[in-house]
file structure-v2.pdb (PDB, C-alpha atoms)
ATOM      1  CA  MET J   1     -68.753 -20.133  -4.119
ATOM      2  CA  THR J   2     -70.948 -17.081  -4.338
ATOM      3  CA  THR J   3     -69.709 -13.700  -3.174
ATOM      4  CA  GLN J   4     -72.040 -13.807  -0.170
ATOM      5  CA  ARG J   5     -70.815 -17.283   0.822
ATOM      6  CA  THR J   6     -67.195 -16.171   0.315
ATOM      7  CA  GLU J   7     -67.719 -13.137   2.524
ATOM      8  CA  GLN J   8     -69.455 -15.279   5.141
ATOM      9  CA  TRP J   9     -66.627 -17.850   5.061
ATOM     10  CA  THR J  10     -64.022 -15.088   5.351
ATOM     11  CA  ALA J  11     -65.757 -13.404   8.289
ATOM     12  CA  GLU J  12     -66.275 -16.702  10.136
ATOM     13  CA  THR J  13     -62.701 -17.818   9.454
ATOM     14  CA  GLN J  14     -61.285 -14.473  10.607
ATOM     15  CA  ARG J  15     -63.271 -14.840  13.845
ATOM     16  CA  LYS J  16     -61.869 -18.352  14.413
ATOM     17  CA  ILE J  17     -58.333 -17.222  13.623
ATOM     18  CA  ARG J  18     -58.622 -14.297  16.056
ATOM     19  CA  GLU J  19     -60.074 -16.448  18.864
ATOM     20  CA  THR J  20     -57.410 -19.117  18.476
ATOM     21  CA  PHE J  21     -54.557 -16.618  18.152
ATOM     22  CA  ASP J  22     -55.724 -14.779  21.270
ATOM     23  CA  LEU J  23     -55.477 -17.992  23.314
ATOM     24  CA  PHE J  24     -51.724 -17.940  22.700
ATOM     25  CA  ASP J  25     -51.197 -14.178  22.904
ATOM     26  CA  LYS J  26     -50.607 -14.203  26.661
ATOM     27  CA  GLU J  27     -49.228 -10.654  26.766
ATOM     28  CA  LYS J  28     -52.151  -9.287  24.692
ATOM     29  CA  SER J  29     -49.540  -7.708  22.397
ATOM     30  CA  ASP J  30     -51.123  -8.902  19.141
ATOM     31  CA  SER J  31     -48.158 -11.220  18.617
ATOM     32  CA  VAL J  32     -47.058 -14.747  19.496
ATOM     33  CA  ILE J  33     -43.674 -16.424  19.646
ATOM     34  CA  ASN J  34     -42.621 -18.340  16.537
ATOM     35  CA  GLU J  35     -42.763 -21.662  18.380
ATOM     36  CA  GLU J  36     -46.532 -21.314  18.890
ATOM     37  CA  VAL J  37     -47.398 -20.738  15.217
ATOM     38  CA  GLY J  38     -47.497 -24.447  14.303
ATOM     39  CA  THR J  39     -49.710 -25.223  17.286
ATOM     40  CA  ILE J  40     -52.115 -22.413  16.385
ATOM     41  CA  MET J  41     -52.214 -23.581  12.776
ATOM     42  CA  ARG J  42     -53.024 -27.158  13.810
ATOM     43  CA  ALA J  43     -55.779 -25.886  16.129
ATOM     44  CA  LEU J  44     -57.258 -24.156  13.072
ATOM     45  CA  GLY J  45     -57.097 -27.350  10.975
ATOM     46  CA  ALA J  46     -53.925 -26.643   8.971
ATOM     47  CA  PHE J  47     -51.142 -29.198   9.294
ATOM     48  CA  PRO J  48     -47.928 -28.002   7.622
ATOM     49  CA  THR J  49     -44.801 -30.088   7.816
ATOM     50  CA  GLU J  50     -42.166 -28.715  10.158
ATOM     51  CA  LYS J  51     -39.960 -28.034   7.133
ATOM     52  CA  MET J  52     -42.735 -26.062   5.401
ATOM     53  CA  LEU J  53     -43.417 -24.143   8.592
ATOM     54  CA  VAL J  54     -39.778 -23.154   9.132
ATOM     55  CA  LYS J  55     -38.704 -22.604   5.516
ATOM     56  CA  GLU J  56     -41.844 -21.079   3.985
ATOM     57  CA  ILE J  57     -44.620 -20.071   6.383
ATOM     58  CA  LEU J  58     -42.691 -18.359   9.195
ATOM     59  CA  PRO J  59     -40.527 -16.317   6.800
ATOM     60  CA  GLU J  60     -43.686 -15.228   4.958
ATOM     61  CA  MET J  61     -45.310 -14.201   8.238
ATOM     62  CA  GLN J  62     -42.225 -12.319   9.393
ATOM     63  CA  ASP J  63     -41.736 -10.392   6.167
ATOM     64  CA  ASP J  64     -37.965  -9.882   6.450
ATOM     65  CA  GLU J  65     -38.097  -8.874  10.099
ATOM     66  CA  PRO J  66     -37.259 -12.042  12.044
ATOM     67  CA  SER J  67     -37.847 -11.070  15.644
ATOM     68  CA  GLY J  68     -38.891 -14.350  17.191
ATOM     69  CA  PHE J  69     -42.520 -13.157  17.100
ATOM     70  CA  VAL J  70     -45.332 -13.153  14.545
ATOM     71  CA  GLN J  71     -47.800 -10.264  14.411
ATOM     72  CA  TYR J  72     -51.511 -11.065  14.191
ATOM     73  CA  SER J  73     -52.101  -9.115  10.968
ATOM     74  CA  LYS J  74     -49.468 -11.143   9.112
ATOM     75  CA  PHE J  75     -50.605 -14.412  10.691
ATOM     76  CA  GLU J  76     -54.222 -13.817   9.667
ATOM     77  CA  LYS J  77     -53.324 -12.951   6.073
ATOM     78  CA  VAL J  78     -51.261 -16.130   5.601
ATOM     79  CA  MET J  79     -53.777 -18.324   7.449
ATOM     80  CA  LEU J  80     -56.684 -17.117   5.315
ATOM     81  CA  ARG J  81     -54.730 -18.084   2.199
ATOM     82  CA  ILE J  82     -53.691 -21.470   3.596
ATOM     83  CA  LEU J  83     -57.176 -22.354   4.819
ATOM     84  CA  ALA J  84     -58.842 -21.217   1.586
ATOM     85  CA  SER J  85     -56.400 -23.160  -0.588
ATOM     86  CA  LYS J  86     -56.498 -26.212   1.699
ATOM     87  CA  GLU J  87     -52.767 -26.606   1.091
ATOM     88  CA  CYS J  88     -52.078 -27.956   4.587
ATOM     89  CA  GLU J  89     -54.933 -30.416   4.892
ATOM     90  CA  PRO J  90     -54.310 -33.270   7.357
ATOM     91  CA  ASP J  91     -53.357 -36.699   6.122
ATOM     92  CA  SER J  92     -56.246 -39.076   5.669
ATOM     93  CA  GLY J  93     -57.104 -41.638   8.310
ATOM     94  CA  ASP J  94     -56.144 -44.389   5.862
ATOM     95  CA  LEU J  95     -52.672 -42.960   5.381
ATOM     96  CA  LEU J  96     -52.187 -42.625   9.150
ATOM     97  CA  LEU J  97     -53.388 -46.186   9.670
ATOM     98  CA  GLN J  98     -50.939 -47.427   7.056
ATOM     99  CA  ALA J  99     -48.094 -45.575   8.812
ATOM    100  CA  PHE J 100     -48.975 -47.030  12.228
ATOM    101  CA  ARG J 101     -49.322 -50.532  10.785
ATOM    102  CA  THR J 102     -45.848 -50.240   9.276
ATOM    103  CA  ILE J 103     -44.501 -49.658  12.792
ATOM    104  CA  ASP J 104     -46.701 -52.402  14.317
ATOM    105  CA  THR J 105     -44.883 -55.328  12.697
ATOM    106  CA  ASN J 106     -46.602 -57.875  14.992
ATOM    107  CA  ASN J 107     -50.104 -56.645  14.057
ATOM    108  CA  THR J 108     -51.117 -56.180  17.695
ATOM    109  CA  GLY J 109     -53.195 -53.047  17.076
ATOM    110  CA  PHE J 110     -51.057 -50.977  19.423
ATOM    111  CA  ILE J 111     -47.593 -49.524  19.759
ATOM    112  CA  SER J 112     -45.896 -49.024  23.104
ATOM    113  CA  ALA J 113     -45.458 -45.439  24.181
ATOM    114  CA  ASP J 114     -41.721 -46.058  24.617
ATOM    115  CA  VAL J 115     -41.314 -47.146  20.991
ATOM    116  CA  LEU J 116     -43.357 -44.202  19.733
ATOM    117  CA  GLU J 117     -41.468 -41.755  21.921
ATOM    118  CA  ASP J 118     -38.183 -43.026  20.503
ATOM    119  CA  LEU J 119     -39.464 -42.677  16.933
ATOM    120  CA  LEU J 120     -41.003 -39.252  17.502
ATOM    121  CA  THR J 121     -37.900 -37.795  19.118
ATOM    122  CA  ALA J 122     -35.113 -39.541  17.191
ATOM    123  CA  LYS J 123     -36.398 -39.883  13.596
ATOM    124  CA  GLY J 124     -37.307 -37.166  11.124
ATOM    125  CA  THR J 125     -38.232 -33.805  12.588
ATOM    126  CA  PRO J 126     -38.249 -34.476  16.343
ATOM    127  CA  PHE J 127     -41.248 -33.613  18.491
ATOM    128  CA  ARG J 128     -40.574 -31.033  21.169
ATOM    129  CA  PRO J 129     -41.270 -32.193  24.756
ATOM    130  CA  LYS J 130     -44.514 -30.183  24.911
ATOM    131  CA  GLU J 131     -45.757 -31.702  21.628
ATOM    132  CA  LEU J 132     -44.879 -35.196  22.829
ATOM    133  CA  GLU J 133     -46.713 -34.621  26.108
ATOM    134  CA  GLN J 134     -49.807 -33.347  24.297
ATOM    135  CA  PHE J 135     -49.766 -36.303  21.906
ATOM    136  CA  PHE J 136     -49.537 -38.865  24.705
ATOM    137  CA  GLN J 137     -52.275 -37.152  26.741
ATOM    138  CA  ILE J 138     -54.658 -37.951  23.909
ATOM    139  CA  ALA J 139     -53.179 -41.093  22.374
ATOM    140  CA  LYS J 140     -51.842 -43.192  25.257
ATOM    141  CA  ASP J 141     -54.048 -45.634  27.146
ATOM    142  CA  PRO J 142     -53.465 -44.744  30.822
ATOM    143  CA  GLU J 143     -53.904 -48.358  31.948
ATOM    144  CA  THR J 144     -51.545 -50.096  29.528
ATOM    145  CA  GLY J 145     -49.257 -47.271  28.420
ATOM    146  CA  ASN J 146     -49.842 -48.270  24.803
ATOM    147  CA  VAL J 147     -51.188 -46.304  21.869
ATOM    148  CA  TYR J 148     -54.099 -48.139  20.277
ATOM    149  CA  TYR J 149     -53.696 -46.466  16.950
ATOM    150  CA  GLU J 150     -57.061 -47.307  15.368
ATOM    151  CA  ASP J 151     -58.820 -45.656  18.325
ATOM    152  CA  TYR J 152     -56.469 -42.670  18.138
ATOM    153  CA  ILE J 153     -57.036 -42.215  14.398
ATOM    154  CA  ALA J 154     -60.811 -42.508  14.833
ATOM    155  CA  LEU J 155     -60.711 -39.859  17.564
ATOM    156  CA  MET J 156     -58.545 -37.487  15.547
ATOM    157  CA  THR J 157     -60.485 -37.810  12.307
ATOM    158  CA  LYS J 158     -63.734 -37.290  14.236
ATOM    159  CA  LYS J 159     -62.320 -34.096  15.812
ATOM    160  CA  LEU J 160     -61.228 -32.788  12.421
ATOM    161  CA  ASN J 161     -64.639 -33.442  10.882
ATOM    162  CA  THR J 162     -66.632 -31.611  13.549
TER     163      THR J 162
END

call {"tool": "encode", "arguments": {"input": "structure-v2.pdb", "output": "structure tokens"}}
result
Amino acid sequence: MTTQRTEQWTAETQRKIRETFDLFDKEKSDSVINEEVGTIMRALGAFPTEKMLVKEILPEMQDDEPSGFVQYSKFEKVMLRILASKECEPDSGDLLLQAFRTIDTNNTGFISADVLEDLLTAKGTPFRPKELEQFFQIAKDPETGNVYYEDYIALMTKKLNT
């Protein structure tokens, strides 16, 4: 990447980071609560695991002053590094499809929302209620209550590529 392209990427990325951060900075205090950091990161195209977020990213952003909040200046610095290194890139559509198919043992092409809710709240790092609600708003078919995972993956990979 040339210096001019690097500077252009940095300026554009800083603008996106600021705009997204400001959506969550309700008090206009140049800070957000820790719980919002993962959501902001995902909105910017970075998808850390919950473990990575809690054990590595949040402590780095808080810089030995855990207050329950993250300041914009620290958030931007870490996000620029993460986005430039592409260390939190989303899983590929193929990997997601493989994961859904493992759950769909009858090869129906869908998984009931009840089964997914149980898995997402009881296995691994549990989704918070707000995350679960947001997921189902996008993924669940309102008529059947099922998640047609190929459609969901196509929608999500299309969003990430635009």

call {"tool": "atom_distance", "arguments": {"input": "structure-v2.pdb", "atom1": "atom CA of J:Asn146", "atom2": "atom CA of J:Gln98"}}
result
17.8 Å

call {"tool": "atom_distance", "arguments": {"input": "structure-v2.pdb", "atom1": "atom CA of J:Glu56", "atom2": "atom CA of J:Val70"}}
result
13.7 Å

call {"tool": "closest_residue", "arguments": {"input": "structure-v2.pdb", "among": "J:Ala43, J:Asp25, J:Lys130, J:Gln62", "to": "J:Val78", "atoms": "all atoms listed in the file"}}
result
J:Gln62

call {"tool": "residues_around", "arguments": {"input": "structure-v2.pdb", "residues": "J:Gly38", "least_positions_apart": "5", "cutoff": "10 Å", "atoms": "all atoms listed in the file", "output": "ChimeraX atom specification"}}
result
/J:43-44,46-50,53-54,57-58

call {"tool": "atom_distance", "arguments": {"input": "structure-v2.pdb", "atom1": "atom CA of J:Ile103", "atom2": "atom CA of J:Asp151"}}
result
15.9 Å

call {"tool": "closest_atom_pairs", "arguments": {"input": "structure-v2.pdb", "of": "stretch 61-142 of chain J", "to": "stretch 12-19 of chain J", "cutoff": "9 Å", "atoms": "only C-alpha atoms", "output": "Markdown table"}}
result
| residue | atom | partner | partner_atom | distance |
| --- | --- | --- | --- | --- |
| J:Tyr72 | CA | J:Arg18 | CA | 8.0 |
| J:Phe75 | CA | J:Ile17 | CA | 8.7 |
| J:Glu76 | CA | J:Ile17 | CA | 6.6 |
| J:Met79 | CA | J:Ile17 | CA | 7.8 |
| J:Leu80 | CA | J:Thr13 | CA | 7.3 |
| J:Leu83 | CA | J:Thr13 | CA | 8.5 |

call {"tool": "resolve_selection", "arguments": {"input": "structure-v2.pdb", "expression": "the PyMOL selection byres ((chain J and resi 133-141) around 12)", "output": "JSON, numbers by chain"}}
result
{"J": [39, 110, 111, 112, 113, 114, 116, 117, 120, 121, 127, 128, 129, 130, 131, 132, 142, 143, 144, 145, 146, 147, 148, 149, 150, 151, 152, 153, 154, 155, 156, 159]}

call {"tool": "closest_residue", "arguments": {"input": "structure-v2.pdb", "among": "J:Arg42, J:Met61, J:Gln71, J:Asn106", "to": "J:Cys88", "atoms": "all atoms listed in the file"}}
result
J:Arg42

call {"tool": "residues_around", "arguments": {"input": "structure-v2.pdb", "residues": "J:Gly93", "least_positions_apart": "3", "cutoff": "7 Å", "atoms": "only C-alpha atoms", "output": "PyMOL selection string"}}
result
chain J and resi 96-97+153+157
